[in-house]
file upload.cif (mmCIF, C-alpha atoms)
data_query
loop_
_atom_site.label_atom_id
_atom_site.label_comp_id
_atom_site.auth_asym_id
_atom_site.auth_seq_id
_atom_site.Cartn_x
_atom_site.Cartn_y
_atom_site.Cartn_z
CA MET A 15 79.62 191.39 162.76
CA THR A 16 81.78 190.70 159.73
CA ARG A 17 80.58 192.49 156.64
CA VAL A 18 81.43 190.75 153.36
CA MET A 19 81.82 193.35 150.63
CA GLN A 20 80.45 192.26 147.31
CA PRO A 21 82.59 193.28 144.34
CA ILE A 22 81.36 196.32 142.47
CA ARG A 23 80.37 195.28 138.98
CA LEU A 24 80.85 197.83 136.22
CA LEU A 25 79.84 197.44 132.60
CA GLY A 26 82.33 198.88 130.11
CA ILE A 27 81.15 200.06 126.69
CA ALA A 28 83.34 201.44 123.89
CA GLY A 29 81.70 203.52 121.17
CA SER A 30 84.11 202.75 118.34
CA LEU A 31 84.13 199.66 116.17
CA ARG A 32 87.57 199.81 114.57
CA SER A 33 89.69 196.98 115.96
CA ALA A 34 92.65 199.28 116.66
CA SER A 35 90.38 201.96 118.11
CA PHE A 36 91.96 204.12 120.80
CA ASN A 37 88.66 204.18 122.65
CA ARG A 38 88.57 200.40 122.84
CA ALA A 39 92.19 200.42 123.97
CA LEU A 40 91.29 203.01 126.59
CA LEU A 41 88.53 200.79 127.92
CA ARG A 42 90.91 197.82 128.02
CA ALA A 43 93.32 199.93 130.07
CA ALA A 44 90.50 200.77 132.48
CA VAL A 45 89.68 197.07 132.84
CA GLU A 46 93.31 196.21 133.54
CA MET A 47 93.68 198.98 136.12
CA ALA A 48 90.45 198.21 137.97
CA PRO A 49 91.28 198.04 141.69
CA SER A 50 90.60 195.07 143.89
CA GLY A 51 86.89 194.73 144.55
CA VAL A 52 85.90 196.25 141.20
CA GLN A 53 85.08 194.06 138.20
CA ILE A 54 84.65 195.61 134.77
CA THR A 55 82.92 193.45 132.17
CA THR A 56 82.80 194.76 128.62
CA PHE A 57 79.90 194.54 126.19
CA ASP A 58 81.35 194.28 122.70
CA GLU A 59 78.27 193.54 120.62
CA LEU A 60 76.87 197.03 120.07
CA ALA A 61 77.06 196.60 116.30
CA ALA A 62 74.68 193.63 116.49
CA LEU A 63 71.81 195.93 117.46
CA PRO A 64 69.71 197.05 114.51
CA PHE A 65 69.01 200.76 114.12
CA TYR A 66 66.22 201.72 116.49
CA ASP A 67 62.92 201.31 114.67
CA GLY A 68 59.56 201.57 116.40
CA ASP A 69 58.11 198.89 114.13
CA VAL A 70 60.88 196.44 115.09
CA GLU A 71 60.39 197.31 118.76
CA ALA A 72 56.64 196.73 118.48
CA ALA A 73 57.37 193.17 117.34
CA GLY A 74 59.49 192.63 120.46
CA ASP A 75 62.98 193.71 121.45
CA PRO A 76 65.61 192.13 119.16
CA ILE A 77 67.85 189.62 120.93
CA PRO A 78 70.94 191.90 120.91
CA ALA A 79 68.88 194.65 122.55
CA ARG A 80 67.80 192.20 125.25
CA SER A 81 71.41 191.12 125.77
CA PHE A 82 72.46 194.73 126.16
CA ARG A 83 69.69 195.45 128.66
CA ALA A 84 70.65 192.33 130.63
CA ALA A 85 74.29 193.41 130.73
CA ILE A 86 73.29 196.82 132.10
CA ASP A 87 70.86 195.27 134.57
CA SER A 88 73.55 193.08 136.05
CA ALA A 89 75.95 196.00 136.57
CA ASP A 90 76.15 198.49 139.43
CA GLY A 91 77.49 201.19 137.15
CA VAL A 92 78.39 201.86 133.53
CA LEU A 93 81.69 203.15 132.12
CA ILE A 94 81.44 204.51 128.57
CA THR A 95 84.26 205.55 126.24
CA THR A 96 83.27 207.56 123.20
CA PRO A 97 84.93 208.83 120.06
CA GLU A 98 83.90 212.14 118.53
CA TYR A 99 82.34 212.09 115.09
CA ASN A 100 81.14 215.46 113.80
CA ASP A 101 80.96 217.02 117.26
CA GLY A 102 78.87 214.18 118.69
CA THR A 103 79.12 210.56 119.66
CA SER A 104 79.10 207.57 117.34
CA ALA A 105 75.85 206.26 115.94
CA VAL A 106 76.56 202.75 117.18
CA LEU A 107 76.77 204.01 120.77
CA LYS A 108 73.79 206.38 120.56
CA ASN A 109 71.73 203.58 119.06
CA ALA A 110 72.51 201.25 121.97
CA ILE A 111 71.66 203.98 124.48
CA ASP A 112 68.36 204.60 122.69
CA TRP A 113 67.36 200.93 122.73
CA ALA A 114 68.29 200.59 126.41
CA SER A 115 66.36 203.73 127.33
CA ARG A 116 63.00 202.59 126.05
CA PRO A 117 60.05 202.01 128.33
CA PRO A 118 58.68 200.17 130.08
CA GLN A 119 62.00 198.85 131.39
CA ARG A 120 64.02 202.08 131.00
CA THR A 121 67.08 200.01 131.76
CA LEU A 122 69.45 202.98 132.08
CA ALA A 123 67.25 204.84 134.55
CA GLY A 124 68.92 205.15 137.94
CA LYS A 125 72.23 203.69 136.73
CA VAL A 126 75.41 205.51 137.67
CA VAL A 127 77.34 206.34 134.49
CA ALA A 128 80.82 207.77 133.84
CA VAL A 129 82.03 208.87 130.42
CA MET A 130 85.51 209.02 128.91
CA GLY A 131 86.44 210.16 125.43
CA ALA A 132 89.50 210.19 123.25
CA SER A 133 90.27 211.80 119.93
CA VAL A 134 93.32 212.26 117.77
CA THR A 135 92.33 215.94 117.55
CA PRO A 136 92.80 218.63 120.21
CA SER A 137 89.10 218.41 121.19
CA GLY A 138 89.55 215.42 123.48
CA ALA A 139 86.23 214.16 122.10
CA ARG A 140 84.44 216.70 124.28
CA GLY A 141 81.58 216.96 121.79
CA GLY A 142 81.20 213.19 121.89
CA ILE A 143 81.32 213.11 125.69
CA GLU A 144 78.75 215.88 125.94
CA SER A 145 76.29 214.14 123.63
CA VAL A 146 76.63 210.86 125.53
CA LYS A 147 76.03 212.64 128.83
CA ARG A 148 72.96 214.39 127.44
CA ALA A 149 71.55 211.11 126.17
CA VAL A 150 72.07 209.01 129.29
CA ARG A 151 70.95 211.85 131.54
CA ARG A 152 67.72 212.05 129.54
CA ALA A 153 67.47 208.26 129.85
CA GLY A 154 67.39 208.74 133.60
CA SER A 155 70.95 207.78 134.52
CA GLU A 156 72.94 209.48 137.24
CA VAL A 157 75.88 210.89 135.27
CA LEU A 158 79.15 211.73 137.01
CA ASP A 159 80.40 215.27 136.49
CA GLU A 160 83.88 213.79 136.47
CA GLN A 161 85.11 212.69 133.04
CA VAL A 162 88.32 211.93 131.21
CA ALA A 163 88.80 213.74 127.89
CA ILE A 164 91.97 212.79 126.03
CA PRO A 165 93.18 214.96 123.16
CA SER A 166 95.89 213.84 120.73
CA VAL A 167 95.26 210.34 121.99
CA ALA A 168 97.81 208.63 119.74
CA ASP A 169 100.55 210.15 121.92
CA ALA A 170 99.21 208.40 125.03
CA PHE A 171 99.52 204.87 123.65
CA ASP A 172 102.46 202.80 122.49
CA ALA A 173 102.59 200.80 119.27
CA ASP A 174 100.85 197.85 120.97
CA LEU A 175 97.95 200.10 122.04
CA GLN A 176 99.00 200.01 125.67
CA LEU A 177 98.16 203.16 127.59
CA THR A 178 101.58 204.42 128.65
CA ASP A 179 100.97 208.06 129.57
CA PRO A 180 101.24 208.09 133.38
CA LEU A 181 98.98 211.10 133.92
CA ILE A 182 96.22 209.65 131.78
CA ARG A 183 96.60 206.27 133.45
CA ALA A 184 96.06 208.00 136.78
CA GLU A 185 93.07 209.94 135.42
CA VAL A 186 91.45 206.77 134.14
CA ALA A 187 92.12 204.89 137.38
CA GLY A 188 90.67 207.83 139.30
CA LEU A 189 87.50 207.90 137.24
CA VAL A 190 87.00 204.15 137.67
CA ALA A 191 87.43 204.52 141.43
CA THR A 192 85.00 207.44 141.59
CA LEU A 193 82.45 205.52 139.52
CA ALA A 194 82.83 202.41 141.67
CA ALA A 195 82.45 204.38 144.89
CA ARG A 196 79.36 206.17 143.60
CA ALA A 197 77.88 202.90 142.28
CA ARG A 198 78.48 201.25 145.66
CA ALA A 199 76.81 204.16 147.45
CA ALA A 200 73.85 204.03 145.07
CA SER A 201 73.46 200.29 145.62
CA GLU A 202 73.51 200.78 149.37
CA GLU A 203 70.94 203.57 149.09
CA LYS A 204 68.67 201.20 147.18
CA LEU A 205 69.11 198.46 149.79
CA ALA A 206 68.35 200.93 152.58
CA ALA A 207 65.26 202.31 150.84
CA MET B 26 68.89 237.03 76.50
CA THR B 27 66.48 234.49 77.83
CA ARG B 28 67.69 232.83 80.98
CA VAL B 29 66.42 229.29 81.45
CA MET B 30 66.16 228.58 85.13
CA GLN B 31 67.19 225.07 86.10
CA PRO B 32 65.02 223.50 88.77
CA ILE B 33 66.49 223.55 92.25
CA ARG B 34 67.12 219.98 93.37
CA LEU B 35 66.76 219.24 97.06
CA LEU B 36 67.49 215.95 98.77
CA GLY B 37 65.04 215.03 101.52
CA ILE B 38 66.13 212.78 104.38
CA ALA B 39 63.96 211.55 107.25
CA GLY B 40 65.67 210.32 110.41
CA SER B 41 63.00 207.85 111.57
CA LEU B 42 62.48 204.32 110.30
CA ARG B 43 58.99 203.50 111.58
CA SER B 44 56.65 203.28 108.59
CA ALA B 45 54.04 205.51 110.22
CA SER B 46 56.69 207.96 111.45
CA PHE B 47 55.53 211.55 111.75
CA ASN B 48 58.94 212.70 110.53
CA ARG B 49 58.57 210.71 107.33
CA ALA B 50 55.07 212.07 106.91
CA LEU B 51 56.43 215.57 107.46
CA LEU B 52 58.99 215.05 104.72
CA ARG B 53 56.27 213.74 102.37
CA ALA B 54 54.27 216.89 103.06
CA ALA B 55 57.31 219.00 102.20
CA VAL B 56 57.72 217.09 98.92
CA GLU B 57 54.05 217.62 98.02
CA MET B 58 54.18 221.32 98.83
CA ALA B 59 57.40 222.02 96.94
CA PRO B 60 56.79 225.03 94.72
CA SER B 61 57.26 225.07 90.98
CA GLY B 62 60.94 224.99 90.11
CA VAL B 63 61.87 223.01 93.22
CA GLN B 64 62.24 219.22 93.10
CA ILE B 65 62.64 217.26 96.32
CA THR B 66 63.94 213.71 95.95
CA THR B 67 64.00 211.55 99.07
CA PHE B 68 66.69 209.10 100.11
CA ASP B 69 65.00 206.27 101.98
CA GLU B 70 67.86 203.81 102.40
CA LEU B 71 69.62 205.16 105.47
CA ALA B 72 69.13 201.87 107.31
CA ALA B 73 71.16 200.06 104.62
CA LEU B 74 74.33 201.82 105.78
CA PRO B 75 76.38 199.82 108.27
CA PHE B 76 77.47 201.50 111.46
CA TYR B 77 80.50 203.65 110.70
CA ASP B 78 83.62 201.55 111.22
CA GLY B 79 87.08 202.72 110.22
CA ASP B 80 88.07 199.17 109.27
CA VAL B 81 85.09 198.89 106.89
CA GLU B 82 85.89 202.30 105.44
CA ALA B 83 89.53 201.33 104.91
CA ALA B 84 88.33 198.45 102.71
CA GLY B 85 86.35 200.93 100.59
CA ASP B 86 83.07 202.77 101.12
CA PRO B 87 80.14 200.32 101.32
CA ILE B 88 77.73 200.59 98.38
CA PRO B 89 74.95 202.23 100.45
CA ALA B 90 77.41 204.89 101.60
CA ARG B 91 78.35 205.57 97.99
CA SER B 92 74.68 205.81 97.03
CA PHE B 93 74.09 208.30 99.82
CA ARG B 94 77.08 210.40 98.79
CA ALA B 95 75.88 210.36 95.18
CA ALA B 96 72.41 211.49 96.22
CA ILE B 97 73.89 214.41 98.15
CA ASP B 98 76.27 215.26 95.31
CA SER B 99 73.43 215.55 92.84
CA ALA B 100 71.43 217.91 95.05
CA ASP B 101 71.71 221.68 95.46
CA GLY B 102 70.55 221.50 99.06
CA VAL B 103 69.50 219.04 101.75
CA LEU B 104 66.30 219.02 103.81
CA ILE B 105 66.48 216.87 106.95
CA THR B 106 63.68 215.90 109.31
CA THR B 107 64.70 214.44 112.64
CA PRO B 108 63.02 212.80 115.59
CA GLU B 109 64.32 213.30 119.11
CA TYR B 110 65.67 210.29 120.96
CA ASN B 111 67.19 211.00 124.37
CA ASP B 112 67.76 214.69 123.64
CA GLY B 113 69.59 213.99 120.38
CA THR B 114 68.94 212.77 116.86
CA SER B 115 68.47 209.18 115.76
CA ALA B 116 71.46 206.91 115.32
CA VAL B 117 70.43 206.02 111.77
CA LEU B 118 70.58 209.68 110.76
CA LYS B 119 73.80 210.51 112.62
CA ASN B 120 75.42 207.45 111.08
CA ALA B 121 74.56 208.60 107.56
CA ILE B 122 75.89 212.08 108.28
CA ASP B 123 79.11 210.59 109.62
CA TRP B 124 79.66 208.43 106.54
CA ALA B 125 78.92 211.34 104.20
CA SER B 126 81.26 213.65 106.10
CA ARG B 127 84.39 211.54 105.71
CA PRO B 128 87.40 212.72 103.75
CA PRO B 129 88.62 212.94 101.16
CA GLN B 130 85.26 213.66 99.52
CA ARG B 131 83.62 215.40 102.51
CA THR B 132 80.39 215.22 100.57
CA LEU B 133 78.42 217.44 102.95
CA ALA B 134 80.97 220.26 102.90
CA GLY B 135 79.56 223.38 101.30
CA LYS B 136 76.03 221.97 101.03
CA VAL B 137 73.15 224.13 102.16
CA VAL B 138 71.14 222.25 104.78
CA ALA B 139 67.83 222.94 106.53
CA VAL B 140 66.53 220.93 109.48
CA MET B 141 63.02 220.19 110.69
CA GLY B 142 62.01 218.10 113.66
CA ALA B 143 58.84 216.70 115.14
CA SER B 144 58.07 215.00 118.41
CA VAL B 145 54.97 213.86 120.22
CA THR B 146 56.37 215.66 123.28
CA PRO B 147 56.38 219.41 123.97
CA SER B 148 60.07 219.63 122.99
CA GLY B 149 59.42 219.86 119.26
CA ALA B 150 62.48 217.64 118.84
CA ARG B 151 64.69 220.64 119.55
CA GLY B 152 67.40 218.40 121.03
CA GLY B 153 67.34 216.33 117.86
CA ILE B 154 67.45 219.39 115.62
CA GLU B 155 70.34 220.87 117.58
CA SER B 156 72.43 217.70 117.34
CA VAL B 157 71.83 217.43 113.58
CA LYS B 158 72.83 221.06 113.09
CA ARG B 159 76.00 220.56 115.13
CA ALA B 160 76.93 217.50 113.10
CA VAL B 161 76.36 218.91 109.63
CA ARG B 162 77.96 222.22 110.60
CA ARG B 163 81.05 220.31 111.70
CA ALA B 164 80.87 218.40 108.42
CA GLY B 165 81.24 221.73 106.65
CA SER B 166 77.66 222.34 105.55
CA GLU B 167 76.04 225.75 105.51
CA VAL B 168 73.18 225.30 107.96
CA LEU B 169 70.15 227.58 107.84
CA ASP B 170 69.29 229.31 111.11
CA GLU B 171 65.64 228.86 110.13
CA GLN B 172 64.11 225.59 111.28
CA VAL B 173 60.71 224.04 111.90
CA ALA B 174 60.24 222.42 115.32
CA ILE B 175 56.88 220.73 115.80
CA PRO B 176 55.76 219.77 119.32
CA SER B 177 52.79 217.48 119.97
CA VAL B 178 53.07 216.44 116.34
CA ALA B 179 50.19 213.94 116.39
CA ASP B 180 47.78 216.89 116.53
CA ALA B 181 49.12 218.27 113.24
CA PHE B 182 48.31 215.19 111.15
CA ASP B 183 45.09 213.41 110.32
CA ALA B 184 44.51 209.67 110.55
CA ASP B 185 46.00 209.19 107.07
CA LEU B 186 49.21 210.98 108.12
CA GLN B 187 48.38 214.01 106.01
CA LEU B 188 49.70 217.27 107.42
CA THR B 189 46.54 219.25 108.04
CA ASP B 190 47.62 221.99 110.46
CA PRO B 191 47.58 225.15 108.31
CA LEU B 192 50.21 227.03 110.30
CA ILE B 193 52.64 224.14 110.20
CA ARG B 194 51.97 223.65 106.49
CA ALA B 195 52.93 227.27 105.95
CA GLU B 196 56.01 226.91 108.14
CA VAL B 197 57.20 223.86 106.19
CA ALA B 198 56.52 225.53 102.83
CA GLY B 199 58.39 228.59 104.04
CA LEU B 200 61.42 226.58 105.09
CA VAL B 201 61.50 224.75 101.75
CA ALA B 202 61.35 228.06 99.90
CA THR B 203 64.12 229.55 102.06
CA LEU B 204 66.29 226.48 101.53
CA ALA B 205 65.68 226.52 97.78
CA ALA B 206 66.48 230.22 97.51
CA ARG B 207 69.68 229.81 99.53
CA ALA B 208 70.68 226.72 97.53
CA ARG B 209 70.12 228.61 94.27
CA ALA B 210 72.21 231.51 95.51
CA ALA B 211 74.98 229.15 96.61
CA SER B 212 74.97 227.44 93.21
CA GLU B 213 75.22 230.78 91.45
CA GLU B 214 78.06 231.82 93.75
CA LYS B 215 79.91 228.66 92.77
CA LEU B 216 79.32 229.29 89.06
CA ALA B 217 80.54 232.87 89.43
CA ALA B 218 83.62 231.88 91.39
#
call {"tool": "encode", "arguments": {"input": "upload.cif", "output": "structure tokens"}}
result
Amino acid sequence: MTRVMQPIRLLGIAGSLRSASFNRALLRAAVEMAPSGVQITTFDELAALPFYDGDVEAAGDPIPARSFRAAIDSADGVLITTPEYNDGTSAVLKNAIDWASRPPQRTLAGKVVAVMGASVTPSGARGGIESVKRAVRRAGSEVLDEQVAIPSVADAFDADLQLTDPLIRAEVAGLVATLAARARAASEEKLAA
Amino acid sequence: MTRVMQPIRLLGIAGSLRSASFNRALLRAAVEMAPSGVQITTFDELAALPFYDGDVEAAGDPIPARSFRAAIDSADGVLITTPEYNDGTSAVLKNAIDWASRPPQRTLAGKVVAVMGASVTPSGARGGIESVKRAVRRAGSEVLDEQVAIPSVADAFDADLQLTDPLIRAEVAGLVATLAARARAASEEKLAA
């Protein structure tokens, strides 16, 4: 019997809005390095979501929140890159996670999630990564222990925001592969259940 | 010599947007219970701030960010109430902290800050409180160890969102008094320096 492998679909989300953001550039590098059989689609409209507000939610999910849920629903796994602002993640990213976590859909529940972070400081955005992991774990996602934390990130990119550091390129490619493998296994577990 | 005591001015900030939010009601209770000589002004426009974006900032602080900085500048101390969303604080609150933290002004640096939290769950919003404390500490504020964490918050309020639980009323009044005393001491230290 020939088994046709479906491509693994990953959703990529960057937590910074600045157009020349290193985190967005990092996500682009991950997309470019995705191996055969792995498709990474990015969701770039996080800033269109309003701040979470129970009154707004009671009137029905805003359209950008529905779009974000649909993007997560159609993915086998989620790859997040986060900056670090005041020892935590960005508000725009936390807000999107909060909307997507809400019942009854709990769209993030059961999703396999990997987190990367980059900062121009020596921290490697570890405070940002940690707060993202806490949030998605609480939202019911399966969070990979593996992560990529990049300190002094400006040194890893060239002037055109291409990721040139070979070690970090390999780390990013490795995380994508690990996420894809885990997402494939999770999908197969669901099919078998 | 007669010493005229200036009133201690505290800025109150609630991290929830829902009109019937328990956190907003908790802040109102704190305002009502403020002792003589302590004025609490609330800043209710957090949702007017855009998501932090380095490109927006480079074009000049948005007007709501300037208003928020000015409100903090004119206060001797800051009283924050936070909900808990996915084991952290709300995006609308984190976003405001991030804007106010930015250099060169670093408006939160040196401010005395106290944090309360309330949740309908047994957690007492401790994850939210912790993430707020981490953020404002990193922003350079002096954060009180004392806090008020209210689990099962619906039981503490009546149908008109008045805080009726006598123990929690005393806890809130105690935290306000501690914050005011610490803010007064910090102001006097600055004058003496």
call {"tool": "resolve_selection", "arguments": {"input": "upload.cif", "expression": "the PyMOL selection byres ((chain A and resi 54-58) around 7)", "output": "PyMOL selection string"}}
result
chain A and resi 23-27+45+52-53+59-60
call {"tool": "closest_residue", "arguments": {"input": "upload.cif", "among": "B:Gly165, B:Gly102, B:Gly79, B:Gly152", "to": "chain A", "atoms": "all atoms listed in the file"}}
result
B:Gly79
call {"tool": "closest_residue", "arguments": {"input": "upload.cif", "among": "A:Pro97, A:Arg148, A:Glu46, A:Leu122", "to": "chain B", "atoms": "only C-alpha atoms"}}
result
A:Arg148
call {"tool": "calpha_fit_and_write", "arguments": {"input": "upload.cif", "fixed": "chain B", "moving": "chain A", "output": "compact mmCIF listing (two decimals) with C-alpha atoms, in the coordinates of the input"}}
result
# COMPACT_ATOMS: atom_id res chain seq x y z
CA MET A 15 68.87 237.09 76.45
CA THR A 16 66.46 234.48 77.77
CA ARG A 17 67.67 232.83 80.93
CA VAL A 18 66.42 229.27 81.46
CA MET A 19 66.17 228.57 85.17
CA GLN A 20 67.19 225.08 86.11
CA PRO A 21 65.01 223.49 88.78
CA ILE A 22 66.47 223.55 92.26
CA ARG A 23 67.11 220.00 93.37
CA LEU A 24 66.77 219.25 97.06
CA LEU A 25 67.50 215.96 98.77
CA GLY A 26 65.05 215.04 101.53
CA ILE A 27 66.14 212.78 104.39
CA ALA A 28 63.96 211.54 107.26
CA GLY A 29 65.66 210.31 110.42
CA SER A 30 63.01 207.85 111.57
CA LEU A 31 62.49 204.33 110.30
CA ARG A 32 59.00 203.51 111.55
CA SER A 33 56.65 203.29 108.57
CA ALA A 34 54.03 205.52 110.23
CA SER A 35 56.69 207.95 111.44
CA PHE A 36 55.54 211.56 111.75
CA ASN A 37 58.93 212.71 110.53
CA ARG A 38 58.59 210.71 107.33
CA ALA A 39 55.07 212.07 106.92
CA LEU A 40 56.43 215.57 107.47
CA LEU A 41 58.99 215.07 104.72
CA ARG A 42 56.29 213.74 102.39
CA ALA A 43 54.27 216.90 103.07
CA ALA A 44 57.32 219.00 102.20
CA VAL A 45 57.72 217.10 98.93
CA GLU A 46 54.06 217.62 98.04
CA MET A 47 54.18 221.33 98.84
CA ALA A 48 57.40 222.02 96.95
CA PRO A 49 56.79 225.06 94.72
CA SER A 50 57.25 225.09 90.99
CA GLY A 51 60.93 224.99 90.11
CA VAL A 52 61.88 223.01 93.21
CA GLN A 53 62.25 219.22 93.11
CA ILE A 54 62.65 217.26 96.32
CA THR A 55 63.95 213.71 95.95
CA THR A 56 64.00 211.54 99.06
CA PHE A 57 66.70 209.09 100.10
CA ASP A 58 65.02 206.27 101.99
CA GLU A 59 67.86 203.79 102.39
CA LEU A 60 69.62 205.16 105.47
CA ALA A 61 69.15 201.86 107.30
CA ALA A 62 71.17 200.05 104.63
CA LEU A 63 74.34 201.81 105.77
CA PRO A 64 76.38 199.79 108.25
CA PHE A 65 77.48 201.50 111.46
CA TYR A 66 80.51 203.64 110.71
CA ASP A 67 83.62 201.54 111.22
CA GLY A 68 87.08 202.70 110.23
CA ASP A 69 88.07 199.16 109.27
CA VAL A 70 85.09 198.88 106.89
CA GLU A 71 85.91 202.31 105.45
CA ALA A 72 89.54 201.31 104.91
CA ALA A 73 88.33 198.44 102.71
CA GLY A 74 86.35 200.93 100.60
CA ASP A 75 83.08 202.76 101.13
CA PRO A 76 80.15 200.31 101.32
CA ILE A 77 77.74 200.59 98.39
CA PRO A 78 74.95 202.24 100.44
CA ALA A 79 77.41 204.89 101.62
CA ARG A 80 78.36 205.57 98.00
CA SER A 81 74.69 205.81 97.04
CA PHE A 82 74.10 208.30 99.82
CA ARG A 83 77.08 210.42 98.80
CA ALA A 84 75.89 210.37 95.18
CA ALA A 85 72.41 211.49 96.22
CA ILE A 86 73.89 214.42 98.15
CA ASP A 87 76.27 215.27 95.32
CA SER A 88 73.43 215.55 92.85
CA ALA A 89 71.43 217.92 95.07
CA ASP A 90 71.70 221.68 95.47
CA GLY A 91 70.55 221.51 99.06
CA VAL A 92 69.51 219.05 101.75
CA LEU A 93 66.31 219.02 103.81
CA ILE A 94 66.49 216.87 106.95
CA THR A 95 63.68 215.89 109.31
CA THR A 96 64.71 214.44 112.64
CA PRO A 97 63.02 212.79 115.59
CA GLU A 98 64.33 213.30 119.10
CA TYR A 99 65.66 210.28 120.95
CA ASN A 100 67.16 211.00 124.37
CA ASP A 101 67.74 214.69 123.63
CA GLY A 102 69.57 213.99 120.37
CA THR A 103 68.95 212.76 116.87
CA SER A 104 68.48 209.17 115.77
CA ALA A 105 71.46 206.91 115.31
CA VAL A 106 70.42 206.01 111.78
CA LEU A 107 70.58 209.68 110.75
CA LYS A 108 73.80 210.50 112.62
CA ASN A 109 75.42 207.44 111.08
CA ALA A 110 74.55 208.59 107.55
CA ILE A 111 75.87 212.08 108.28
CA ASP A 112 79.11 210.58 109.62
CA TRP A 113 79.67 208.42 106.54
CA ALA A 114 78.93 211.33 104.20
CA SER A 115 81.27 213.64 106.11
CA ARG A 116 84.39 211.55 105.72
CA PRO A 117 87.39 212.73 103.75
CA PRO A 118 88.64 212.95 101.16
CA GLN A 119 85.27 213.66 99.53
CA ARG A 120 83.62 215.42 102.51
CA THR A 121 80.40 215.22 100.57
CA LEU A 122 78.42 217.45 102.95
CA ALA A 123 80.97 220.26 102.91
CA GLY A 124 79.56 223.39 101.32
CA LYS A 125 76.03 221.97 101.02
CA VAL A 126 73.15 224.14 102.16
CA VAL A 127 71.14 222.25 104.78
CA ALA A 128 67.82 222.94 106.54
CA VAL A 129 66.54 220.92 109.48
CA MET A 130 63.01 220.18 110.68
CA GLY A 131 62.01 218.10 113.67
CA ALA A 132 58.84 216.70 115.13
CA SER A 133 58.06 215.00 118.41
CA VAL A 134 54.96 213.86 120.21
CA THR A 135 56.36 215.65 123.28
CA PRO A 136 56.38 219.40 123.97
CA SER A 137 60.08 219.64 123.00
CA GLY A 138 59.42 219.86 119.27
CA ALA A 139 62.48 217.63 118.83
CA ARG A 140 64.69 220.64 119.54
CA GLY A 141 67.40 218.42 121.01
CA GLY A 142 67.34 216.32 117.86
CA ILE A 143 67.44 219.38 115.61
CA GLU A 144 70.33 220.85 117.57
CA SER A 145 72.42 217.69 117.33
CA VAL A 146 71.82 217.42 113.59
CA LYS A 147 72.83 221.05 113.10
CA ARG A 148 75.99 220.55 115.14
CA ALA A 149 76.92 217.49 113.11
CA VAL A 150 76.35 218.90 109.64
CA ARG A 151 77.94 222.21 110.59
CA ARG A 152 81.04 220.32 111.71
CA ALA A 153 80.86 218.39 108.42
CA GLY A 154 81.23 221.71 106.65
CA SER A 155 77.64 222.34 105.55
CA GLU A 156 76.04 225.75 105.49
CA VAL A 157 73.17 225.29 107.96
CA LEU A 158 70.13 227.57 107.84
CA ASP A 159 69.28 229.30 111.10
CA GLU A 160 65.65 228.86 110.12
CA GLN A 161 64.09 225.58 111.27
CA VAL A 162 60.71 224.04 111.90
CA ALA A 163 60.24 222.42 115.31
CA ILE A 164 56.87 220.74 115.80
CA PRO A 165 55.75 219.77 119.30
CA SER A 166 52.78 217.47 119.95
CA VAL A 167 53.07 216.44 116.33
CA ALA A 168 50.21 213.94 116.39
CA ASP A 169 47.80 216.90 116.54
CA ALA A 170 49.12 218.29 113.24
CA PHE A 171 48.31 215.20 111.17
CA ASP A 172 45.08 213.42 110.33
CA ALA A 173 44.52 209.68 110.57
CA ASP A 174 46.00 209.19 107.08
CA LEU A 175 49.21 210.99 108.12
CA GLN A 176 48.38 214.03 106.02
CA LEU A 177 49.70 217.28 107.43
CA THR A 178 46.53 219.26 108.05
CA ASP A 179 47.62 222.00 110.45
CA PRO A 180 47.59 225.16 108.30
CA LEU A 181 50.21 227.04 110.31
CA ILE A 182 52.65 224.14 110.19
CA ARG A 183 51.98 223.63 106.50
CA ALA A 184 52.92 227.27 105.96
CA GLU A 185 56.03 226.90 108.14
CA VAL A 186 57.18 223.87 106.19
CA ALA A 187 56.50 225.53 102.84
CA GLY A 188 58.40 228.59 104.04
CA LEU A 189 61.42 226.57 105.09
CA VAL A 190 61.50 224.74 101.75
CA ALA A 191 61.35 228.07 99.92
CA THR A 192 64.11 229.56 102.06
CA LEU A 193 66.29 226.49 101.53
CA ALA A 194 65.68 226.52 97.78
CA ALA A 195 66.49 230.22 97.51
CA ARG A 196 69.68 229.82 99.52
CA ALA A 197 70.68 226.71 97.53
CA ARG A 198 70.10 228.60 94.27
CA ALA A 199 72.21 231.52 95.51
CA ALA A 200 74.98 229.15 96.60
CA SER A 201 74.96 227.43 93.21
CA GLU A 202 75.20 230.77 91.45
CA GLU A 203 78.06 231.83 93.73
CA LYS A 204 79.91 228.66 92.76
CA LEU A 205 79.32 229.28 89.05
CA ALA A 206 80.53 232.87 89.41
CA ALA A 207 83.65 231.87 91.35
call {"tool": "residues_around", "arguments": {"input": "upload.cif", "residues": "Ala197 in chain A", "least_positions_apart": "5", "cutoff": "10 Å", "atoms": "only C-alpha atoms", "output": "PyMOL selection string"}}
result
chain A and resi 22-24+89-92+125-127+156+191-192+202-203
call {"tool": "interface_residues", "arguments": {"input": "upload.cif", "of": "chain B", "to": "chain A", "cutoff": "7 Å", "atoms": "all atoms listed in the file", "output": "PyMOL selection string"}}
result
chain B and resi 42-43+72+76+78-80+110-113+116-117+119-120+123+159-160+163-164
call {"tool": "closest_residue", "arguments": {"input": "upload.cif", "among": "B:Ser92, B:Ala59, B:Ile105, B:Gly85", "to": "Gly40 in chain B", "atoms": "only C-alpha atoms"}}
result
B:Ile105
call {"tool": "atom_distance", "arguments": {"input": "upload.cif", "atom1": "CA of Ala187 in chain A", "atom2": "CA of Ala200 in chain A"}}
result
19.8 Å
call {"tool": "residues_around", "arguments": {"input": "upload.cif", "residues": "range 171-187 of chain B", "least_positions_apart": "6", "cutoff": "7 Å", "atoms": "only C-alpha atoms", "output": "number ranges by chain"}}
result
B: 50, 139-151, 196-197, 200
